[in-house]
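Notes for the one structure printed next.
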Amino acid sequence: MLFGAIGIGRTFCYSGYHNVPMYDDKVPIDKEIKYSEGRISPSTIHHFYEKLLKQGEYMNTKTSKEMARERTEFMRSFVDEFLKEWEGKF
């Protein structure tokens, strides 16, 4: 599983290398949309909603589902904190 803390780090590294902004608040976050449709997401945070926060849905075993739940919860907490800080709400 490449999500959780390592997934967050890898995602930001990849985005930085490809000049993808951390976040673009002009593009609404829609949890159901496929932003990239084969292209790079409009921002790193959009990628979390498009793919990373959904990875747990593809796990098959009881152990992997539990690990995915914990890691998804961690990532969701990270994204929530990121968005609060982005908006200046510390």
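Each chain in the structure tokens gets a letter, A, B, ..., in the order shown, and its residues are numbered from 1; ligands are numbered from 1 in order too.
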List every residue of chain A that DSSP, applied to the backbone of this structure, assigns to alpha helix (DSSP H), and report them as a PDB file with C-alpha atoms, in the first residue's frame.
```pdb
ATOM      1  CA  ALA A   5       2.480   8.962   5.497  1.00  0.00           C
ATOM      2  CA  ILE A   6       4.681   7.552   2.721  1.00  0.00           C
ATOM      3  CA  GLY A   7       1.935   8.148   0.167  1.00  0.00           C
ATOM      4  CA  ILE A   8       1.653  11.784   1.255  1.00  0.00           C
ATOM      5  CA  GLY A   9       5.398  12.277   0.868  1.00  0.00           C
ATOM      6  CA  ARG A  10       5.552  10.543  -2.514  1.00  0.00           C
ATOM      7  CA  THR A  11       2.555  12.480  -3.802  1.00  0.00           C
ATOM      8  CA  PHE A  12       4.058  15.862  -2.952  1.00  0.00           C
ATOM      9  CA  CYS A  13       7.451  14.854  -4.384  1.00  0.00           C
ATOM     10  CA  TYR A  14       5.850  13.730  -7.647  1.00  0.00           C
ATOM     11  CA  SER A  15       3.710  16.852  -7.862  1.00  0.00           C
ATOM     12  CA  GLY A  16       6.660  19.125  -7.202  1.00  0.00           C
ATOM     13  CA  TYR A  17       8.751  17.397  -9.856  1.00  0.00           C
ATOM     14  CA  THR A  44      -1.898  17.640  -5.225  1.00  0.00           C
ATOM     15  CA  ILE A  45      -4.860  18.031  -2.868  1.00  0.00           C
ATOM     16  CA  HIS A  46      -7.267  17.268  -5.724  1.00  0.00           C
ATOM     17  CA  HIS A  47      -5.293  14.052  -6.345  1.00  0.00           C
ATOM     18  CA  PHE A  48      -5.965  12.987  -2.753  1.00  0.00           C
ATOM     19  CA  TYR A  49      -9.708  13.220  -3.383  1.00  0.00           C
ATOM     20  CA  GLU A  50      -9.504  11.682  -6.830  1.00  0.00           C
ATOM     21  CA  LYS A  62      -9.453  -8.168   6.410  1.00  0.00           C
ATOM     22  CA  THR A  63      -5.906  -7.082   7.307  1.00  0.00           C
ATOM     23  CA  SER A  64      -5.453  -4.880   4.255  1.00  0.00           C
ATOM     24  CA  LYS A  65      -8.867  -3.290   4.792  1.00  0.00           C
ATOM     25  CA  GLU A  66      -7.965  -2.397   8.384  1.00  0.00           C
ATOM     26  CA  MET A  67      -4.565  -1.021   7.363  1.00  0.00           C
ATOM     27  CA  ALA A  68      -6.222   0.978   4.599  1.00  0.00           C
ATOM     28  CA  ARG A  69      -8.838   2.365   6.998  1.00  0.00           C
ATOM     29  CA  GLU A  70      -6.137   3.602   9.382  1.00  0.00           C
ATOM     30  CA  ARG A  71      -4.019   5.121   6.623  1.00  0.00           C
ATOM     31  CA  THR A  72      -6.998   6.734   4.926  1.00  0.00           C
ATOM     32  CA  GLU A  73      -8.038   8.265   8.240  1.00  0.00           C
ATOM     33  CA  PHE A  74      -4.509   9.658   8.642  1.00  0.00           C
ATOM     34  CA  MET A  75      -4.509  11.102   5.113  1.00  0.00           C
ATOM     35  CA  ARG A  76      -7.978  12.592   5.565  1.00  0.00           C
ATOM     36  CA  SER A  77      -6.792  14.260   8.778  1.00  0.00           C
ATOM     37  CA  PHE A  78      -3.745  15.602   6.926  1.00  0.00           C
ATOM     38  CA  VAL A  79      -5.849  17.012   4.064  1.00  0.00           C
ATOM     39  CA  ASP A  80      -8.302  18.597   6.518  1.00  0.00           C
ATOM     40  CA  GLU A  81      -5.420  20.267   8.376  1.00  0.00           C
ATOM     41  CA  PHE A  82      -3.803  21.361   5.109  1.00  0.00           C
ATOM     42  CA  LEU A  83      -7.020  23.029   3.936  1.00  0.00           C
ATOM     43  CA  LYS A  84      -7.510  24.786   7.299  1.00  0.00           C
ATOM     44  CA  GLU A  85      -3.988  26.175   7.139  1.00  0.00           C
ATOM     45  CA  TRP A  86      -4.427  27.138   3.473  1.00  0.00           C
TER      46      TRP A  86
END
```
